[in-house]
file upload-v2.txt (compact mmCIF, C-alpha atoms and all ligand atoms)
# COMPACT_ATOMS: atom_id res chain seq x y z
CA MET A 162 0.00 0.00 0.00
CA ALA A 163 1.32 3.44 -0.89
CA LEU A 164 0.13 6.99 -0.45
CA ILE A 165 -0.08 8.59 -3.88
CA VAL A 166 -1.19 12.05 -5.04
CA HIS A 167 -3.01 12.32 -8.38
CA LYS A 168 -3.35 15.68 -10.12
CA TYR A 169 -5.83 16.14 -12.98
CA GLY A 170 -5.65 19.22 -15.23
CA GLY A 171 -8.46 21.23 -16.75
CA THR A 172 -8.93 19.19 -19.92
CA SER A 173 -8.94 15.96 -17.90
CA MET A 174 -11.74 17.49 -15.76
CA GLY A 175 -13.39 19.15 -18.79
CA SER A 176 -16.87 17.55 -18.64
CA THR A 177 -18.94 15.40 -16.31
CA GLU A 178 -18.11 12.47 -18.59
CA ARG A 179 -14.38 13.08 -18.10
CA ILE A 180 -14.84 13.58 -14.38
CA ARG A 181 -16.57 10.20 -14.27
CA ASN A 182 -13.53 8.72 -16.00
CA VAL A 183 -11.20 10.35 -13.47
CA ALA A 184 -13.32 8.85 -10.69
CA LYS A 185 -13.12 5.38 -12.25
CA ARG A 186 -9.33 5.69 -12.58
CA VAL A 187 -8.94 6.86 -8.98
CA ALA A 188 -11.23 4.05 -7.79
CA LYS A 189 -8.99 1.55 -9.61
CA TRP A 190 -5.98 2.78 -7.59
CA VAL A 191 -7.95 2.67 -4.33
CA ARG A 192 -9.18 -0.87 -5.02
CA ALA A 193 -5.55 -1.89 -5.60
CA GLY A 194 -4.97 -0.93 -1.97
CA HIS A 195 -3.49 2.57 -2.27
CA GLN A 196 -4.32 5.69 -0.28
CA ILE A 197 -5.13 8.42 -2.80
CA VAL A 198 -5.29 12.19 -2.54
CA VAL A 199 -6.60 13.90 -5.67
CA VAL A 200 -5.83 17.51 -6.62
CA PRO A 201 -7.94 18.63 -9.60
CA SER A 202 -7.89 21.88 -11.59
CA ALA A 203 -10.93 23.83 -12.67
CA MET A 204 -12.78 22.46 -15.71
CA SER A 205 -11.00 23.62 -18.88
CA GLY A 206 -11.74 27.22 -19.86
CA GLU A 207 -13.35 27.94 -16.51
CA THR A 208 -10.53 30.02 -14.98
CA ASN A 209 -10.35 32.15 -18.13
CA ARG A 210 -14.12 32.57 -18.12
CA LEU A 211 -14.14 33.67 -14.48
CA LEU A 212 -11.26 36.14 -14.92
CA GLY A 213 -12.96 37.42 -18.09
CA LEU A 214 -16.08 38.32 -16.10
CA ALA A 215 -13.96 40.44 -13.76
CA LYS A 216 -12.25 42.18 -16.69
CA GLU A 217 -15.67 43.08 -18.12
CA LEU A 218 -16.26 45.13 -15.01
CA SER A 219 -12.86 46.75 -14.55
CA ASP A 220 -9.52 47.29 -16.32
CA ARG A 221 -7.72 47.00 -13.03
CA PRO A 222 -9.63 44.53 -10.89
CA SER A 223 -8.35 44.10 -7.36
CA PRO A 224 -6.07 41.05 -7.11
CA ARG A 225 -7.77 39.97 -3.89
CA GLU A 226 -11.16 39.82 -5.60
CA LEU A 227 -9.67 38.09 -8.65
CA ASP A 228 -8.51 35.29 -6.36
CA MET A 229 -11.91 35.14 -4.70
CA ILE A 230 -13.43 34.60 -8.14
CA ALA A 231 -10.83 32.40 -9.86
CA SER A 232 -10.55 29.99 -6.92
CA THR A 233 -14.19 28.95 -7.34
CA GLY A 234 -13.40 26.95 -10.48
CA GLU A 235 -11.43 24.44 -8.44
CA GLN A 236 -14.08 24.36 -5.74
CA VAL A 237 -16.66 23.16 -8.27
CA SER A 238 -14.23 20.52 -9.51
CA VAL A 239 -13.54 18.95 -6.11
CA GLY A 240 -17.24 18.76 -5.29
CA LEU A 241 -18.10 17.16 -8.63
CA LEU A 242 -15.24 14.67 -8.39
CA SER A 243 -16.24 13.73 -4.87
CA ILE A 244 -19.80 13.05 -6.02
CA ALA A 245 -18.50 11.00 -8.97
CA LEU A 246 -16.31 8.94 -6.60
CA GLN A 247 -19.21 8.40 -4.22
CA ALA A 248 -21.24 7.20 -7.19
CA GLU A 249 -18.42 4.66 -7.77
CA GLY A 250 -18.97 3.41 -4.25
CA MET A 251 -15.93 5.19 -2.78
CA ASP A 252 -15.88 7.05 0.50
CA ALA A 253 -14.68 10.49 -0.67
CA VAL A 254 -14.45 13.94 0.86
CA SER A 255 -13.54 17.27 -0.77
CA TYR A 256 -11.79 20.28 0.75
CA ALA A 257 -11.09 23.84 -0.33
CA GLY A 258 -7.54 25.08 0.30
CA TRP A 259 -8.49 26.99 3.45
CA GLN A 260 -10.06 23.90 4.99
CA VAL A 261 -6.87 21.83 4.88
CA PRO A 262 -5.39 24.47 5.35
CA ILE A 263 -2.87 25.19 2.61
CA LYS A 264 -1.24 28.34 3.99
CA THR A 265 0.27 30.87 1.59
CA ASP A 266 1.67 34.39 1.67
CA SER A 267 -0.56 37.29 0.65
CA ALA A 268 0.73 37.83 -2.90
CA PHE A 269 -2.70 37.60 -4.53
CA THR A 270 -2.75 35.95 -7.99
CA LYS A 271 0.78 34.57 -7.45
CA ALA A 272 0.87 33.43 -3.83
CA ARG A 273 3.51 31.03 -2.54
CA ILE A 274 2.69 28.04 -0.37
CA GLU A 275 4.25 28.40 3.08
CA SER A 276 2.94 25.32 4.86
CA ILE A 277 0.35 22.58 4.62
CA ASP A 278 -1.29 21.03 7.65
CA ASP A 279 -1.53 17.30 7.02
CA LYS A 280 -3.61 16.30 10.10
CA ARG A 281 -7.08 16.39 8.63
CA VAL A 282 -6.04 14.70 5.41
CA ARG A 283 -4.16 11.93 7.22
CA ALA A 284 -7.11 11.24 9.51
CA ASP A 285 -9.40 10.90 6.48
CA LEU A 286 -6.96 8.65 4.65
CA ASP A 287 -6.60 6.48 7.73
CA ALA A 288 -10.40 6.25 7.85
CA GLY A 289 -10.31 4.83 4.31
CA LYS A 290 -11.42 7.97 2.47
CA VAL A 291 -10.26 9.37 -0.83
CA VAL A 292 -9.35 13.01 -0.13
CA ILE A 293 -9.90 15.60 -2.85
CA ILE A 294 -8.21 18.97 -2.41
CA THR A 295 -8.63 22.04 -4.61
CA GLY A 296 -5.65 22.86 -6.78
CA PHE A 297 -4.50 26.45 -7.35
CA GLN A 298 -5.78 27.93 -4.08
CA GLY A 299 -4.73 28.57 -0.50
CA VAL A 300 -5.36 30.91 2.38
CA ASP A 301 -3.18 33.79 3.60
CA PRO A 302 -2.39 34.68 7.25
CA ASN A 303 -5.43 36.99 7.34
CA GLY A 304 -7.84 34.32 6.13
CA ASN A 305 -8.05 35.66 2.57
CA ILE A 306 -8.34 33.17 -0.27
CA THR A 307 -5.28 33.28 -2.53
CA THR A 308 -4.33 31.62 -5.82
CA LEU A 309 -0.93 30.34 -6.88
CA GLY A 310 -0.60 31.74 -10.41
CA ARG A 311 -1.76 30.19 -13.67
CA GLY A 312 -1.09 26.49 -13.86
CA GLY A 313 -0.79 26.48 -10.06
CA SER A 314 -2.62 23.20 -9.48
CA ASP A 315 0.60 21.39 -10.38
CA THR A 316 2.24 23.16 -7.46
CA SER A 317 -0.64 22.36 -5.11
CA ALA A 318 -0.32 18.68 -5.98
CA VAL A 319 3.45 18.44 -5.54
CA ALA A 320 3.30 20.48 -2.33
CA VAL A 321 0.56 18.22 -0.92
CA ALA A 322 2.67 15.19 -1.91
CA ALA A 323 5.68 16.73 -0.13
CA ALA A 324 3.66 17.49 3.02
CA LEU A 325 2.28 13.94 3.13
CA LYS A 326 5.62 12.39 2.16
CA ALA A 327 3.74 10.63 -0.60
CA HIS A 328 5.30 7.77 -2.47
CA GLU A 329 4.73 9.55 -5.80
CA CYS A 330 2.94 12.52 -7.35
CA LEU A 331 1.25 11.63 -10.63
CA ILE A 332 0.43 14.62 -12.84
CA TYR A 333 -2.29 13.43 -15.24
CA THR A 334 -2.71 15.71 -18.25
CA ASP A 335 -3.78 15.85 -21.90
CA VAL A 336 -0.40 14.68 -23.27
CA ASP A 337 1.26 11.41 -22.33
CA GLY A 338 4.41 12.93 -20.85
CA VAL A 339 7.08 15.57 -21.27
CA TYR A 340 8.18 15.92 -24.87
CA THR A 341 11.31 17.33 -26.51
CA THR A 342 9.14 20.37 -27.20
CA ASP A 343 5.44 21.20 -27.20
CA PRO A 344 3.92 18.44 -29.39
CA ARG A 345 1.22 20.88 -30.48
CA VAL A 346 3.86 22.99 -32.23
CA VAL A 347 6.16 20.22 -33.45
CA PRO A 348 4.17 17.10 -34.33
CA ASP A 349 7.48 15.18 -34.59
CA ALA A 350 8.34 15.92 -30.95
CA ARG A 351 9.35 12.86 -28.98
CA ARG A 352 8.28 11.83 -25.49
CA LEU A 353 11.09 11.52 -22.96
CA LYS A 354 10.96 8.49 -20.64
CA ALA A 355 12.74 10.52 -18.02
CA ILE A 356 13.98 14.08 -17.71
CA SER A 357 16.45 15.34 -15.16
CA PHE A 358 15.11 17.64 -12.51
CA GLU A 359 17.47 20.42 -13.64
CA GLU A 360 16.34 20.19 -17.25
CA MET A 361 12.67 20.14 -16.22
CA LEU A 362 13.28 23.21 -14.08
CA GLU A 363 14.79 25.06 -17.05
CA MET A 364 12.09 23.88 -19.47
CA ALA A 365 9.34 25.05 -17.08
CA SER A 366 11.00 28.37 -16.33
CA LEU A 367 11.58 29.00 -20.03
CA GLY A 368 7.94 28.53 -20.94
CA SER A 369 6.98 24.84 -21.21
CA LYS A 370 3.61 24.99 -19.55
CA VAL A 371 3.34 21.24 -19.03
CA LEU A 372 4.41 21.86 -15.40
CA GLN A 373 4.28 25.10 -13.46
CA ILE A 374 7.83 26.05 -12.46
CA ARG A 375 7.06 26.17 -8.76
CA SER A 376 5.85 22.59 -8.83
CA VAL A 377 9.25 21.54 -10.18
CA GLU A 378 10.98 23.61 -7.48
CA PHE A 379 8.92 21.84 -4.81
CA ALA A 380 9.66 18.45 -6.34
CA GLY A 381 13.37 19.25 -6.16
CA LYS A 382 13.38 20.74 -2.69
CA TYR A 383 11.46 17.86 -1.12
CA ARG A 384 12.60 15.14 -3.52
CA VAL A 385 9.04 14.26 -4.51
CA PRO A 386 9.05 11.54 -7.16
CA THR A 387 6.93 13.18 -9.87
CA ARG A 388 5.61 11.71 -13.10
CA VAL A 389 3.70 13.36 -15.97
CA LEU A 390 1.27 10.98 -17.70
CA SER A 391 -1.91 10.86 -19.75
CA SER A 392 -5.43 10.96 -18.36
CA PHE A 393 -6.71 9.94 -21.79
CA THR A 394 -5.68 6.31 -21.71
CA PRO A 395 -8.65 3.98 -21.02
CA TRP A 396 -9.23 4.17 -17.27
CA ASP A 397 -9.10 0.40 -16.95
CA ILE A 398 -5.61 -0.21 -18.36
CA PRO A 399 -3.56 -2.37 -15.97
CA LEU A 400 -2.32 -0.34 -13.04
CA ASP A 401 1.26 -1.56 -13.40
CA GLU A 402 1.36 -0.33 -16.97
CA GLU A 403 -0.13 3.04 -16.01
CA ALA A 404 2.28 3.46 -13.10
CA LYS A 405 5.27 3.13 -15.44
CA SER A 406 3.93 5.30 -18.27
CA GLY A 407 4.66 8.94 -19.04
CA THR A 408 7.79 10.85 -18.04
CA LEU A 409 9.52 10.59 -14.70
CA ILE A 410 11.38 13.58 -13.33
CA SER A 411 14.62 12.10 -12.24
CA PHE A 412 16.98 13.37 -9.56
CA GLU A 413 19.87 11.23 -10.67
CA GLU A 414 21.40 10.75 -14.05
CA ASP A 415 20.52 7.09 -14.45
CA GLU A 416 20.47 4.74 -17.37
CA GLU A 417 16.93 5.80 -18.29
CA MET A 418 18.21 9.28 -19.05
CA GLU A 419 18.97 9.96 -22.64
CA GLN A 420 22.44 11.23 -23.37
CA ALA A 421 21.42 13.95 -25.82
CA VAL A 422 23.33 17.23 -25.68
CA VAL A 423 20.11 19.18 -26.15
CA SER A 424 17.13 17.50 -24.47
CA GLY A 425 14.40 19.96 -25.23
CA ILE A 426 13.26 23.26 -26.68
CA ALA A 427 11.09 25.68 -24.77
CA PHE A 428 9.46 28.89 -25.93
CA THR A 429 7.32 31.67 -24.60
CA ARG A 430 5.37 34.63 -25.92
CA ASP A 431 4.94 35.99 -22.44
CA GLU A 432 7.67 38.64 -22.60
CA ALA A 433 8.19 42.09 -24.09
CA LYS A 434 11.43 43.97 -24.77
CA ILE A 435 12.23 47.46 -23.57
CA THR A 436 15.24 49.67 -24.41
CA VAL A 437 16.25 52.81 -22.58
CA VAL A 438 18.19 54.67 -25.27
CA GLY A 439 21.15 56.99 -24.71
CA VAL A 440 21.79 56.71 -21.00
CA PRO A 441 25.10 57.89 -19.52
CA ASP A 442 27.59 55.03 -19.19
CA THR A 443 28.38 55.63 -15.53
CA PRO A 444 28.34 53.44 -12.39
CA GLY A 445 24.87 52.79 -10.99
CA ILE A 446 22.92 53.03 -14.25
CA ALA A 447 21.65 49.44 -14.16
CA PHE A 448 20.51 49.99 -10.60
CA LYS A 449 18.79 53.29 -11.40
CA ILE A 450 16.81 51.67 -14.21
CA LEU A 451 16.15 48.18 -12.88
CA GLY A 452 15.75 49.32 -9.26
CA LYS A 453 12.68 51.35 -10.27
CA VAL A 454 11.30 48.42 -12.23
CA ALA A 455 11.80 46.08 -9.27
CA GLU A 456 10.14 48.57 -6.90
CA ALA A 457 7.06 48.34 -9.13
CA ASN A 458 7.15 44.55 -8.63
CA ILE A 459 7.93 43.86 -12.28
CA ASP A 460 10.24 40.92 -12.97
CA VAL A 461 13.10 41.45 -15.38
CA ASP A 462 14.51 38.61 -17.42
CA VAL A 463 17.05 38.98 -20.27
CA ILE A 464 19.29 42.05 -19.78
CA ILE A 465 21.74 43.56 -22.27
CA GLN A 466 23.86 46.68 -22.00
CA ASN A 467 25.59 47.80 -25.18
CA VAL A 468 29.15 49.13 -25.30
CA SER A 469 29.13 52.88 -24.99
CA ARG A 470 29.81 55.44 -27.67
CA ASP A 471 30.64 58.98 -26.55
CA GLY A 472 29.89 58.04 -22.95
CA LYS A 473 26.30 57.00 -23.80
CA THR A 474 24.85 53.52 -23.99
CA ASP A 475 21.57 51.68 -24.61
CA PHE A 476 20.13 49.43 -21.95
CA SER A 477 17.69 46.66 -22.95
CA PHE A 478 15.76 44.07 -20.98
CA THR A 479 12.62 41.97 -21.12
CA VAL A 480 9.61 42.09 -18.78
CA PRO A 481 6.43 39.97 -18.60
CA ARG A 482 4.14 41.05 -21.43
CA GLY A 483 1.35 41.77 -18.98
CA ASP A 484 3.55 44.38 -17.27
CA TYR A 485 4.80 45.96 -20.51
CA ALA A 486 2.55 49.04 -20.60
CA ARG A 487 3.12 49.73 -16.90
CA ALA A 488 6.90 49.37 -17.30
CA ILE A 489 7.06 51.75 -20.28
CA GLU A 490 4.91 54.30 -18.44
CA LEU A 491 7.12 54.08 -15.36
CA LEU A 492 10.37 54.40 -17.31
CA LYS A 493 9.10 57.37 -19.34
CA SER A 494 7.80 59.23 -16.32
CA LYS A 495 10.47 58.44 -13.71
CA VAL A 496 13.66 57.09 -15.27
CA GLN A 497 13.97 58.96 -18.57
CA PRO A 498 13.94 62.45 -17.02
CA GLU A 499 16.21 61.46 -14.14
CA LEU A 500 18.87 59.95 -16.41
CA ASN A 501 18.35 62.38 -19.22
CA ALA A 502 17.88 59.38 -21.52
CA ALA A 503 17.15 60.02 -25.20
CA ASP A 504 14.14 57.69 -25.40
CA VAL A 505 12.33 54.63 -24.06
CA ILE A 506 11.28 52.24 -26.79
CA GLY A 507 9.80 48.75 -26.74
CA ASP A 508 8.46 45.81 -28.65
CA ASP A 509 5.81 43.46 -27.31
CA LYS A 510 5.69 41.21 -30.40
CA ILE A 511 8.70 39.15 -29.44
CA CYS A 512 9.22 35.63 -28.18
CA LYS A 513 11.99 33.77 -26.43
CA VAL A 514 13.15 30.39 -27.74
CA SER A 515 15.51 28.29 -25.64
CA ILE A 516 17.46 25.09 -26.03
CA VAL A 517 17.97 23.10 -22.83
CA GLY A 518 20.28 20.20 -21.99
CA ILE A 519 22.63 19.03 -19.28
CA GLY A 520 24.94 17.86 -22.05
CA MET A 521 25.61 21.51 -22.97
CA ARG A 522 27.90 21.70 -19.95
CA SER A 523 30.44 19.49 -21.61
CA HIS A 524 29.97 20.31 -25.28
CA VAL A 525 31.19 23.40 -27.06
CA GLY A 526 29.65 24.85 -30.18
CA ILE A 527 26.04 24.16 -29.25
CA ALA A 528 25.09 27.82 -29.12
CA SER A 529 26.76 28.41 -32.46
CA THR A 530 24.72 25.58 -34.04
CA MET A 531 21.66 27.38 -32.71
CA PHE A 532 22.68 30.73 -34.19
CA GLY A 533 23.64 29.09 -37.50
CA THR A 534 20.27 27.35 -37.76
CA LEU A 535 18.37 30.56 -37.13
CA SER A 536 20.49 32.47 -39.62
CA GLN A 537 19.80 29.85 -42.32
CA GLU A 538 16.10 30.49 -41.74
CA GLY A 539 16.69 34.24 -42.05
CA ILE A 540 15.64 34.87 -38.45
CA ASN A 541 17.20 37.89 -36.78
CA ILE A 542 18.29 37.45 -33.16
CA LYS A 543 17.53 40.45 -30.95
CA MET A 544 18.95 39.25 -27.65
CA ILE A 545 20.90 36.25 -26.39
CA THR A 546 21.35 34.84 -22.93
CA THR A 547 23.11 31.69 -21.82
CA SER A 548 23.63 29.66 -18.69
CA GLU A 549 25.32 26.34 -18.06
CA ILE A 550 22.51 24.20 -19.44
CA LYS A 551 20.51 26.54 -21.69
CA THR A 552 20.80 29.15 -24.42
CA SER A 553 17.90 31.51 -25.11
CA VAL A 554 17.33 33.93 -27.94
CA VAL A 555 14.77 36.69 -28.27
CA ILE A 556 13.32 36.92 -31.79
CA ASP A 557 10.25 38.30 -33.57
CA GLU A 558 7.13 36.51 -32.41
CA LYS A 559 6.09 35.74 -35.98
CA TYR A 560 9.11 33.41 -36.42
CA MET A 561 8.53 31.44 -33.26
CA GLU A 562 7.15 28.22 -34.73
CA LEU A 563 9.63 28.27 -37.59
CA ALA A 564 12.52 28.68 -35.16
CA VAL A 565 11.31 25.91 -32.84
CA ARG A 566 10.83 23.45 -35.70
CA ALA A 567 14.19 24.27 -37.31
CA LEU A 568 16.05 23.90 -33.99
CA HIS A 569 14.20 20.70 -33.14
CA LYS A 570 15.45 19.21 -36.38
CA ALA A 571 18.96 20.69 -36.16
CA PHE A 572 19.55 19.09 -32.76
CA GLY A 573 18.27 15.69 -33.91
CA LEU A 574 15.23 15.70 -31.66
CA ASP A 575 12.71 14.66 -34.30
CA GLU A 576 10.97 11.34 -33.79
CA ALA A 577 12.41 9.94 -37.01
CA LYS A 578 15.96 10.30 -35.72
CA ALA A 579 15.33 8.65 -32.38
P1 LIG B 1 -3.27 20.71 -17.62
O1 LIG B 1 -4.58 21.38 -17.85
O2 LIG B 1 -3.37 19.22 -17.52
O3 LIG B 1 -2.51 21.31 -16.47
P2 LIG B 1 -1.60 22.18 -19.45
O4 LIG B 1 -2.27 22.73 -20.67
O5 LIG B 1 -1.31 23.13 -18.36
O6 LIG B 1 -2.43 20.93 -18.95
O7 LIG B 1 -0.22 21.46 -19.85
C1 LIG B 1 -0.20 20.47 -20.85
C2 LIG B 1 0.17 21.09 -22.18
O8 LIG B 1 1.53 21.53 -22.12
C3 LIG B 1 0.16 20.15 -23.35
O9 LIG B 1 -1.12 20.04 -23.92
C4 LIG B 1 1.18 20.77 -24.30
O10 LIG B 1 0.57 21.50 -25.35
C5 LIG B 1 1.95 21.74 -23.44
N1 LIG B 1 3.41 21.56 -23.50
C6 LIG B 1 4.32 22.56 -23.65
N2 LIG B 1 5.55 22.09 -23.70
C7 LIG B 1 5.46 20.74 -23.56
C8 LIG B 1 6.41 19.69 -23.53
N3 LIG B 1 7.73 19.92 -23.64
N4 LIG B 1 5.97 18.43 -23.37
C9 LIG B 1 4.65 18.16 -23.23
N5 LIG B 1 3.70 19.12 -23.28
C10 LIG B 1 4.09 20.40 -23.43
N1 LIG B 2 -7.22 26.56 -13.05
C1 LIG B 2 -5.95 27.24 -12.92
C2 LIG B 2 -5.50 27.81 -14.26
O1 LIG B 2 -6.21 27.68 -15.24
C3 LIG B 2 -4.89 26.38 -12.31
C4 LIG B 2 -4.48 25.19 -13.13
O2 LIG B 2 -5.14 24.81 -14.10
O3 LIG B 2 -3.45 24.59 -12.79
O4 LIG B 2 -4.47 28.41 -14.33
MG MG B 3 -1.34 23.03 -16.31
call {"tool": "encode", "arguments": {"input": "upload-v2.txt", "output": "structure tokens", "more": "lines below"}}
Ligand code: ADP
Ligand code: ASP
Ligand code: MG
result
Amino acid sequence: MALIVHKYGGTSMGSTERIRNVAKRVAKWVRAGHQIVVVPSAMSGETNRLLGLAKELSDRPSPRELDMIASTGEQVSVGLLSIALQAEGMDAVSYAGWQVPIKTDSAFTKARIESIDDKRVRADLDAGKVVIITGFQGVDPNGNITTLGRGGSDTSAVAVAAALKAHECLIYTDVDGVYTTDPRVVPDARRLKAISFEEMLEMASLGSKVLQIRSVEFAGKYRVPTRVLSSFTPWDIPLDEEAKSGTLISFEEDEEMEQAVVSGIAFTRDEAKITVVGVPDTPGIAFKILGKVAEANIDVDVIIQNVSRDGKTDFSFTVPRGDYARAIELLKSKVQPELNAADVIGDDKICKVSIVGIGMRSHVGIASTMFGTLSQEGINIKMITTSEIKTSVVIDEKYMELAVRALHKAFGLDEAKA
């Protein structure tokens, strides 16, 4: 008997029919003698619909109220799944985040989990119940409902698994594992049997939405064995087969790991580029610009400072696209006059494409293969950033799919070459 956490995403919970299937799958695991905690997301499209209602009423809705609204999607899901499990003859009970409680900080719309009380859940499991806990939501020290950022149910599930010291956290989704890149963009993408924790962390942070980055961080910090697998296989496939399917996030480089130099390609449209033109090339400039941006709680990603000409330089960086207008406004009103900068310009039609692989540590020339491939496709690189196991480029958004497909092929990741 093992304690296992199952997480089901929005598509997997997308209709009552699918919820019934989830219930049958969970019941199969319970009948095999396991203790199961289920963490479902809202039904697909529901979180967007709820946030859309708020946006109809205000351009700047209060983050606290947004969380109050968005968290309800998951509350509906846990109730429905509990009813479906009861209809399967299971003893099931559902909880909202605050009832567990899953305690978070007060950063509405992007709260961080601080602790999870496992008492209530353990007592239910010991009493033979299936426990269903809302994904995505928690409660702050003042009793306010919070949410964990888009895709946050992954993080809820891994955090619950960590708190319960679960044997494994199974992330059931609409693809059958982690692929070399998003299979919706590159049909030839290949599923990985295992991916190292470090590579998964990079892939998630660079835009692969298959797992929310914080869930991978939790998995690493608490060593939670985590597997991504399909919820679309027939629910009654043999449990042994299901338990071995999908992609395991591995903490050791074992024989299951592939030895590719580049393991995957990630991409994101979620950023925008800003340049402060003609700033004096003197000590403290980066701080004067980025300090103001940080004070406004805007994250900065890729940063480039050009060499100076005549004591003046250009300073470029990327910010989340959702913060673009606010960042430009702030820089024009506060930073440009203070630094006597010539201009503040920007581009929000960019994307970032990244190659990721542990093998890059020990191989030279990988970045240059990347640049060569993009140049053959006539794609202009606007910014470059590298770290030990990744290289990212910022390019025009319109070339994103072309770039991803060309790189996928250039690094031998296509199915045909496997
Ligand atoms: P869920 O609702 O189950 O949380 P998500 O839509 O959040 O599902 O995540 C699954 C999706 O992630 C897939 O449908 C796929 O399009 C996308 N994705 C992006 N990159 C990858 C990748 N490298 N491997 C697998 N899926 C990926
Ligand atoms: N329902 C939330 C979202 O759409 C959380 C999740 O799906 O993980 O972002
Ligand atoms: Mg998701």
call {"tool": "residues_near_ligand", "arguments": {"input": "upload-v2.txt", "ligand": "ligand MG 3 (chain B)", "cutoff": "7 Å", "atoms": "only C-alpha atoms and all ligand atoms", "output": "ChimeraX atom specification"}}
result
/A:170,312,314-315,370-373
call {"tool": "residues_near_ligand", "arguments": {"input": "upload-v2.txt", "ligand": "ligand LIG 2 (chain B)", "cutoff": "9 Å", "atoms": "all atoms listed in the file", "output": "PyMOL selection string"}}
result
chain A and resi 169-172+201-209+231-232+234-235+296-298+308-317+372-373
call {"tool": "residues_around", "arguments": {"input": "upload-v2.txt", "residues": "segment 240-244 of chain A", "least_positions_apart": "3", "cutoff": "7 Å", "atoms": "only C-alpha atoms", "output": "list in words"}}
result
Ile180, Ala184, Gln236, Val237, Gln247, Ala248, Ala253, Val254, Ser255 and Ile293 of chain A
call {"tool": "residues_around", "arguments": {"input": "upload-v2.txt", "residues": "Glu249 of chain A", "least_positions_apart": "6", "cutoff": "9 Å", "atoms": "all atoms listed in the file", "output": "number ranges by chain"}}
result
A: 181, 184-185, 188
call {"tool": "atom_distance", "arguments": {"input": "upload-v2.txt", "atom1": "atom CA of Pro302 of chain A", "atom2": "atom CA of Gly452 of chain A"}}
result
28.6 Å
call {"tool": "atom_distance", "arguments": {"input": "upload-v2.txt", "atom1": "atom CA of Val166 of chain A", "atom2": "atom CA of Gln196 of chain A"}}
result
8.5 Å
call {"tool": "closest_residue", "arguments": {"input": "upload-v2.txt", "among": "A:Arg351, A:Arg487, A:Lys290, A:Lys453", "to": "ligand LIG 1 (chain B)", "atoms": "all atoms listed in the file"}}
result
A:Arg351
